[in-house]
Structure formats: C-alpha cells, structure tokens
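In what follows, a single structure is set out as structure tokens and then discussed.
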Amino acid sequence: MTALRLAPRRVLVLSRAPLGAEGSTLWAQGGVAAAIGADDSPALHAADTIAAGDGLADPAIAAQFARAAPDAIETLSRLGARFDRARDGAYALGLEAAHSRARIVHAGGDGTGREIMRALVAAARQTRSIDILEGFEARRFVVEDNAVRGIIAAGPSGPAAFATDKIVIATGGIGGLFADSTNPLSSFGQGLALAARAGAVMADMEFVQFHPTALDVTTRPMPLISEAVRGEGAILIDEAGDRFMDQTPGAELAPRDVVARAIWRRRAEGKRVFLDARAAIGEGFAARFPIIAAACRAAGVDPAREPIPVRPAQHYHMGGIAVDAEGRTSVAGLWACGEAASTGLHGANRLASNSLAEAAVFAAAIARSIEAAPAREPGPIRSFGAAPSSSVRDAVRPILSRAAGVLRDRERLGCAIGSLAALARFASAADPASVGLMIAVAALRREHSLGAHSRTDFPHRPAEPIHSRLTLAEAFADAEAVAPRSLVRQA
Ligand SMILES: Cc1cc2nc3c(=O)[nH]c(=O)nc-3n(C[C@H](O)[C@H](O)[C@H](O)COP(=O)(O)OP(=O)(O)OC[C@H]3O[C@@H](n4cnc5c(N)ncnc54)[C@H](O)[C@@H]3O)c2cc1C
C-alpha cells in the first residue's frame, strides 16, 4: 500500500515469500473499520478506539486515524478490492466487539484480507514504478550516524546489498514467538529485531493481544473464530451450558482482553469453553462465514448444530517499533508501517478491525513523509558477507508463552528474561530471542495491569497510564540486572 501510494516514485519491494503468499493480512476475516455509516462519525470511531485502548491510546493519533479511515476504504476500493455491498450498493457494514456502530467493511463474508491482498498485489505488479524482489529476506540494516545507508538481504543466490537512504519496514507481527497463536508461524517480528539492532526505539512492547476465541484444536497456527460471529449474536458458554459473560458490561462484545481473561479463568477452573452460534446464526453460518465454517468442519465441528470449542490465543501486537504520526522511527530514513509499528493508536488493547485500517491510513502518511524527506547519500556498504540467518524460534516459544501470556508475574518474567538474553546471543536465534527479550523486559518493567497486560502481582490500574519506551541495549542491561548471571551463562 505504501509503495502504491508512492507511485510514480521508484520503490523496491523485498519480500521473503512470493508477494501476498505469507503474512497475517491474507488471513484477516472480520474486515476494515471506518466511520462511513449514516449514524456514524470519525469522532465516535476515535472514542471507541480510545475506550478499548484502556487509557493508553493516543487521542491525537486516534483522531487522525479515524478521520482518514473512510478515505483508506475508498483507496482500497479504487485499487480493486471488491468489498461486500448492501442491496442499495452501499458498503455492507458489520458490527464487532466494542464498536458502538456497525462500521466493519468486509469482503467475501469473512475473506476480507484475502481480497485486499489479491487487489493490492495485482495493482503493485501492474505499477511500473514498483520493482518486486521475491525470495529476499531482509537480514540487516546498514546504519551510520543514526541514519539509514542500506539494507542487506538473503536472496535465492546468496546475500545481496542495496544502498538506500530510505527503508519502510512492513514485516508484520510476532505471533510465531508464542505456542498458541492465530498468526502465521513465519511472523516472528524480524523487522523489530532488525530495527532494534540498528538502534531504533521500541514502544509498548509488553502489550500483546490475546484473541478470546481461537478454535481449540492442536494444529498451529490456530484457526480464528472472528469477533464478527459474536457480533451476529453468538454467545459464550462453558461445558455445563452456562453463559458466563452476560453480567459483564458489553457481555460477549466486551473488549478482547476482558473476554480473554474471563475464558482463561474458566479454563483454569478446568472447564472447557464454547462459542454457541446455533440460535443466533444457525443454518446460515456457512453462507455468512465460509472460511470459519470450513475450519470448524476440518476439526469435526458443525457450527450450525453444535457449540464451537474455543480458547484464547496470541493474536496481535499493539507494541512494536516506535513511530510518530508520519510513521517515522527514531532512526533517520527508517519508517515502519502495519503491525510492526507502534503508532500509539491501539493503546493497551486493539479495537477489532482497526489494524488493517491503520496500515492503510499510515501507508498514505508514510508516503507523504517520504516525499517530504531530504535526500541523503546512501551507502557505501563496506562489507556485507553472509548475513546470518536468525529464525530459530522453537526455543523461544515455550519460554515466552509461559511468562508473557494472558496472566503475568515477576517470577516467571524474570526467569524468561535470563533464558531469552542467553538465546539472543546465539546467531541462529538472535532475532526471535531479542524480540522476546524486549517483550519480557517491558512486561516486567510495567508494574500494574492495563488492557492486555495483566500482572497477577500488580493487579491495580495506574492513575495515568503512559507509553513505555525500550531499546535493545536497555533490554540486555535489564537482563544483566534481573536474571541470575548463572542462568544467563548456563542457557
Ligand atoms: C487470523 C487473523 C485474522 C485477523 N483479522 C483481522 C481483521 O479482520 N481486521 C483487522 O484489521 N485485522 C485483522 N487481523 C490483524 C491483521 O491481519 C494484521 O495486523 C495485519 O494484516 C498485519 O499486516 P502487515 O502488513 O503489517 O503484516 P503481514 O500481513 O503479516 O505481512 C508481513 C510481510 O512481511 C514479510 N516479511 C517478514 N519478514 C521479512 C523480512 N525479514 N524480509 C522480507 N519480508 C519479510 C512477510 O513475508 C509478509 O509478507 C487478523 C490477524 C490474523 C492472524
């Protein structure tokens, strides 16, 4: 989207996989949030975003975002995305958790991300100013005097270096670092590791969203049962058939962290939890939610006739590379967009369907920012050799999942920090372990509970929540102070 917005300026897109074949966008089900209904307004959308963010969402960013979201929908539509329409030709608008209005634009029922990617990839391939290199994984940023000079990638025939004074990171989320996640396993925050190693500041790393209703199966990643199903009236019950969210404000459509903790507690009592769509949707389920129905069928569940087994799973990262309102990081010439970035929009908890909209809105802001940025001399890249592969994340998953899950405490976070700091020193695991380390350190530093960050040893809310900032060097320094040195050496 950023490359398309920059046309006719020349852009080189480095993509690890064939363009559009990998990443979370492809799997997005619910849709894209924008205030376009007759009863809606950007002010209401911003207010819902801020409420879900539990006091940490940045009001100025929320206002900027909500104002620009309708234009992002029009741009996506102009670029070829075929959104579902009502009989009168207007966009068909869905309702999702914690939205006070129906404002979710969707495509193919629950195939929104797939349709957006189809349209954007086709548009990018047809745009002459965009060169696409597939099978190229970014491995290192070349930065001198806190300014971008180039990038080193691993390509099909070995390492390749590209001199440039401007890079936009759009490498997605971190779900691949958790044992239970709805994200592609390939999403392990590599862009965050690259940026952090280049000296960029991270923001709100501790805020990891757990989706309350992943399909409770043993396969990974876990299929998602979108909030839109609860938006259509499906209810949560336990194995005794008791509805347990009806006394909570917002009931099943309360913010995600509230619903995730409620389900987590039921499960901790040894009870299984189900999403019951029989009365609200029934026989129409497969027509309204074809992808979810297929995932349920594959697990032997017929959602029209039986309750769907669900459990919370890592789903989204509100934290990431700290950026300003133009998507600029703390390194000159380095921007970040999409889930890799932390704009401050989501605060402590993301409102459903705000992430695709945020990526589309900030793509435009970043393009404008790049147009206005001064040109610097790129390169020279003196030596680049074989940029080391750093994608071993199997060892990180159990450590991070135990310590930085739905409920957290000092003891488990402290242990995890020691192990992750040790792993981060091994080249093969340095990138995923560094990201895990920064999440654990930020979670340990925040000694209260807020939104998705829930400390059992510090359950109180802060009077005035503030954003956290962290560099990789600070995370290592904390690890030295917190973790027993023997543990660091031994691991
Ligand atoms: C199952 C599911 C359902 C969701 N539903 C919704 C929804 O309905 N609405 C909503 O708003 N959000 C939804 N989300 C969240 C949303 O989809 C993501 O936040 C968003 O798609 C992230 O987009 P992105 O462009 O930042 O990253 P991605 O779409 O994940 O793309 C990242 C890309 O970067 C590439 N890459 C990574 N590392 C490198 C590297 N080192 N070098 C080169 N390339 C690299 C990857 O191959 C990939 O192509 C959902 C997420 C999931 C998992």
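Each chain in the structure tokens gets a letter, A, B, ..., in the order shown, and its residues are numbered from 1; ligands are numbered from 1 in order too.
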
Worksheet item: Could you pull the residues within 6 Å of A:Asp165, counting only C-alpha atoms, minus those fewer than 6 positions along the same chain, as a PyMOL selection string?
Response: chain A and resi 148-149+333+376+378

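Scanning stretch 303-412 of chain A with DSSP on the backbone, the strand (DSSP E) assignments fall on Ile308, Pro309, Val310, Arg311, Pro312, Ala313, Gln314, His315, Tyr316, His317, Gly320, Ile321, Ala322, Leu334, Trp335, Ala336, Ala341 and Ser342 of chain A.
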
Practice prompt. For ligand 1, list the contacting residues at 6 Å or closer, counting only C-alpha atoms and all ligand atoms, as number ranges by chain.
Written response: A: 14-17, 20, 22-25, 27-32, 136-139, 170-173, 182-183, 190-191, 224, 315, 338-340, 353-357

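Pairwise distance (atom CA of A:Ala299, atom CA of A:Pro223) equals 9.9 Å.
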
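By only C-alpha atoms, and with residues fewer than 6 positions from A:Ala72 along its chain excluded, the set lying at most 12 Å from it is Met1, Thr2, Arg5, Val32, Ala33, Ala34, Ala35, Ile36, Phe65, Ala66, Arg78, Leu79, Ala81, Val105, Ile116, Asn354, Leu356, Ala357, Glu358, Ala359, Ala360, Val361, Phe362, Ala363, Ala364 and Ala365 of chain A.
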
Discussion item. Could you list, as an MDAnalysis selection string, every residue within 12 Å of A:Ile466, counting only C-alpha atoms and ignoring same-chain residues fewer than 6 positions away?
Written reply: chainID A and resid 53:58 203:204 344 347:348 446:448 450

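When the distance limit is 10 Å and only C-alpha atoms are what count, the residues near A:Arg328, minus those fewer than 4 positions from it on the same chain, are Val168, Ile321, Ala322, Val323, Asp324, Ala332, Gly333, Leu334, Trp335, Ala336, Cys337, Ala341, Thr343, Ala365, Ile366, Ser369 and Ile370 of chain A.
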
Could you save the residues just selected, with all heavy atoms, as an mmCIF file, in the first residue's frame?
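The resulting part.cif:
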data_model
loop_
_atom_site.group_PDB
_atom_site.id
_atom_site.type_symbol
_atom_site.label_atom_id
_atom_site.label_comp_id
_atom_site.auth_asym_id
_atom_site.auth_seq_id
_atom_site.Cartn_x
_atom_site.Cartn_y
_atom_site.Cartn_z
ATOM 1 N N VAL A 168 11.207 1.338 4.495
ATOM 2 C CA VAL A 168 9.943 1.198 5.236
ATOM 3 C C VAL A 168 9.825 -0.261 5.671
ATOM 4 O O VAL A 168 9.821 -1.164 4.836
ATOM 5 C CB VAL A 168 8.723 1.562 4.360
ATOM 6 C CG1 VAL A 168 7.431 1.429 5.177
ATOM 7 C CG2 VAL A 168 8.861 2.964 3.792
ATOM 8 N N ILE A 321 7.823 -1.087 16.779
ATOM 9 C CA ILE A 321 8.823 -0.030 16.567
ATOM 10 C C ILE A 321 8.126 1.312 16.788
ATOM 11 O O ILE A 321 7.088 1.584 16.168
ATOM 12 C CB ILE A 321 9.391 -0.119 15.133
ATOM 13 C CG1 ILE A 321 9.924 -1.532 14.857
ATOM 14 C CG2 ILE A 321 10.481 0.925 14.933
ATOM 15 C CD1 ILE A 321 10.110 -1.844 13.387
ATOM 16 N N ALA A 322 8.678 2.128 17.683
ATOM 17 C CA ALA A 322 8.044 3.415 17.992
ATOM 18 C C ALA A 322 8.072 4.314 16.757
ATOM 19 O O ALA A 322 9.139 4.526 16.161
ATOM 20 C CB ALA A 322 8.785 4.094 19.152
ATOM 21 N N VAL A 323 6.895 4.800 16.356
ATOM 22 C CA VAL A 323 6.833 5.736 15.221
ATOM 23 C C VAL A 323 5.992 6.940 15.597
ATOM 24 O O VAL A 323 5.155 6.876 16.510
ATOM 25 C CB VAL A 323 6.235 5.067 13.952
ATOM 26 C CG1 VAL A 323 7.109 3.921 13.458
ATOM 27 C CG2 VAL A 323 4.795 4.604 14.180
ATOM 28 N N ASP A 324 6.194 8.039 14.861
ATOM 29 C CA ASP A 324 5.389 9.240 15.090
ATOM 30 C C ASP A 324 4.192 9.251 14.128
ATOM 31 O O ASP A 324 3.917 8.246 13.456
ATOM 32 C CB ASP A 324 6.253 10.496 14.970
ATOM 33 C CG ASP A 324 6.790 10.699 13.542
ATOM 34 O OD1 ASP A 324 6.356 9.979 12.612
ATOM 35 O OD2 ASP A 324 7.654 11.580 13.356
ATOM 36 N N ALA A 332 16.958 8.037 11.377
ATOM 37 C CA ALA A 332 16.658 8.841 10.184
ATOM 38 C C ALA A 332 16.614 7.939 8.948
ATOM 39 O O ALA A 332 17.491 7.108 8.743
ATOM 40 C CB ALA A 332 17.717 9.927 10.012
ATOM 41 N N GLY A 333 15.560 8.095 8.145
ATOM 42 C CA GLY A 333 15.433 7.294 6.929
ATOM 43 C C GLY A 333 14.770 5.945 7.153
ATOM 44 O O GLY A 333 14.684 5.141 6.225
ATOM 45 N N LEU A 334 14.295 5.687 8.366
ATOM 46 C CA LEU A 334 13.641 4.409 8.666
ATOM 47 C C LEU A 334 12.197 4.666 9.108
ATOM 48 O O LEU A 334 11.965 5.356 10.103
ATOM 49 C CB LEU A 334 14.403 3.667 9.766
ATOM 50 C CG LEU A 334 13.996 2.222 10.043
ATOM 51 C CD1 LEU A 334 14.219 1.326 8.833
ATOM 52 C CD2 LEU A 334 14.777 1.668 11.239
ATOM 53 N N TRP A 335 11.231 4.119 8.338
ATOM 54 C CA TRP A 335 9.819 4.218 8.668
ATOM 55 C C TRP A 335 9.307 2.815 8.996
ATOM 56 O O TRP A 335 9.926 1.818 8.595
ATOM 57 C CB TRP A 335 9.011 4.752 7.487
ATOM 58 C CG TRP A 335 9.154 6.207 7.183
ATOM 59 C CD1 TRP A 335 8.278 7.196 7.492
ATOM 60 C CD2 TRP A 335 10.223 6.860 6.464
ATOM 61 N NE1 TRP A 335 8.730 8.417 7.030
ATOM 62 C CE2 TRP A 335 9.920 8.233 6.392
ATOM 63 C CE3 TRP A 335 11.414 6.424 5.878
ATOM 64 C CZ2 TRP A 335 10.750 9.160 5.762
ATOM 65 C CZ3 TRP A 335 12.247 7.345 5.259
ATOM 66 C CH2 TRP A 335 11.915 8.691 5.209
ATOM 67 N N ALA A 336 8.184 2.713 9.687
ATOM 68 C CA ALA A 336 7.573 1.398 9.919
ATOM 69 C C ALA A 336 6.065 1.530 9.766
ATOM 70 O O ALA A 336 5.471 2.545 10.152
ATOM 71 C CB ALA A 336 7.928 0.869 11.307
ATOM 72 N N CYS A 337 5.462 0.500 9.181
ATOM 73 C CA CYS A 337 4.031 0.524 8.858
ATOM 74 C C CYS A 337 3.381 -0.799 9.244
ATOM 75 O O CYS A 337 4.032 -1.844 9.229
ATOM 76 C CB CYS A 337 3.881 0.754 7.346
ATOM 77 S SG CYS A 337 2.195 1.129 6.831
ATOM 78 N N ALA A 341 4.775 -1.630 13.435
ATOM 79 C CA ALA A 341 4.901 -0.286 14.009
ATOM 80 C C ALA A 341 4.046 -0.151 15.265
ATOM 81 O O ALA A 341 3.033 -0.832 15.413
ATOM 82 C CB ALA A 341 4.449 0.746 12.983
ATOM 83 N N THR A 343 2.129 2.923 16.669
ATOM 84 C CA THR A 343 1.776 4.335 16.452
ATOM 85 C C THR A 343 1.186 4.947 17.713
ATOM 86 O O THR A 343 1.048 6.166 17.789
ATOM 87 C CB THR A 343 0.706 4.446 15.349
ATOM 88 O OG1 THR A 343 -0.487 3.764 15.796
ATOM 89 C CG2 THR A 343 1.171 3.825 14.040
ATOM 90 N N ALA A 365 0.244 8.250 5.025
ATOM 91 C CA ALA A 365 1.018 9.238 5.794
ATOM 92 C C ALA A 365 2.515 9.045 5.561
ATOM 93 O O ALA A 365 3.271 10.018 5.434
ATOM 94 C CB ALA A 365 0.685 9.102 7.284
ATOM 95 N N ILE A 366 2.947 7.789 5.496
ATOM 96 C CA ILE A 366 4.369 7.497 5.278
ATOM 97 C C ILE A 366 4.792 7.942 3.878
ATOM 98 O O ILE A 366 5.872 8.522 3.697
ATOM 99 C CB ILE A 366 4.643 5.989 5.506
ATOM 100 C CG1 ILE A 366 4.508 5.656 6.991
ATOM 101 C CG2 ILE A 366 6.029 5.598 4.995
ATOM 102 C CD1 ILE A 366 4.523 4.174 7.313
ATOM 103 N N SER A 369 5.326 11.530 3.977
ATOM 104 C CA SER A 369 6.514 11.832 4.769
ATOM 105 C C SER A 369 7.790 11.574 3.957
ATOM 106 O O SER A 369 8.747 12.363 3.994
ATOM 107 C CB SER A 369 6.495 10.973 6.038
ATOM 108 O OG SER A 369 7.619 11.196 6.829
ATOM 109 N N ILE A 370 7.789 10.479 3.204
ATOM 110 C CA ILE A 370 8.965 10.143 2.380
ATOM 111 C C ILE A 370 9.137 11.193 1.284
ATOM 112 O O ILE A 370 10.259 11.630 0.991
ATOM 113 C CB ILE A 370 8.809 8.718 1.800
ATOM 114 C CG1 ILE A 370 8.993 7.689 2.916
ATOM 115 C CG2 ILE A 370 9.790 8.472 0.653
ATOM 116 C CD1 ILE A 370 8.763 6.246 2.505
#

Practice prompt. Measuring atom to atom with only C-alpha atoms, identify which of A:Gly199, A:Pro18, A:Pro156, A:Glu206 is nearest to A:Arg140.
Written response: A:Gly199

Worksheet item: Any idea what's packed within 8 Å of stretch 271-275 of chain A, counting only C-alpha atoms, ignoring anything in its chain fewer than 3 positions away? Could you give it as a ChimeraX atom specification?
Response: /A:213,234-239,263,266-268,307-311

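Atom CA of A:Ala46 lies 29.7 Å from atom CA of A:Ala7.
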
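Of the listed residues (A:Met117, A:Leu12, A:Ala277, A:Met205), A:Met205 comes nearest to A:Arg469; the distances count only C-alpha atoms.
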
Practice prompt. Identify, on the basis of only C-alpha atoms, every residue whose closest approach to A:Leu6 does not exceed 6 Å; exclude the query and any residue fewer than 3 positions from it along the same chain; express the result as a VMD selection string.
Written response: chain A and resid 3 9 367

Please write the residues from the selection above to a file, keeping N, CA, C and O atoms, as a compact mmCIF listing (two decimals), in the first residue's frame.
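Below is the file that was written, out_10.txt:
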# COMPACT_ATOMS: atom_id res chain seq x y z
N ALA A 3 3.98 1.43 -1.14
CA ALA A 3 4.63 1.51 -2.46
C ALA A 3 3.65 2.07 -3.50
O ALA A 3 4.03 2.90 -4.34
N ARG A 9 7.06 7.45 -7.78
CA ARG A 9 8.43 7.37 -7.24
C ARG A 9 8.88 5.90 -7.25
O ARG A 9 8.11 5.01 -6.91
N ALA A 367 3.93 7.69 2.90
CA ALA A 367 4.27 8.11 1.53
C ALA A 367 4.47 9.63 1.48
O ALA A 367 5.44 10.12 0.89

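You can rank A:Met202, A:Ala443, A:Ala228, A:Ala21 by their closest distance to A:Thr329 using only C-alpha atoms, and at the top of that list sits A:Met202.
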
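Using only C-alpha atoms, the smallest distance between any of A:Ala452, A:Val259, A:Val201, A:Ala352 and A:Glu474 comes from A:Val201.
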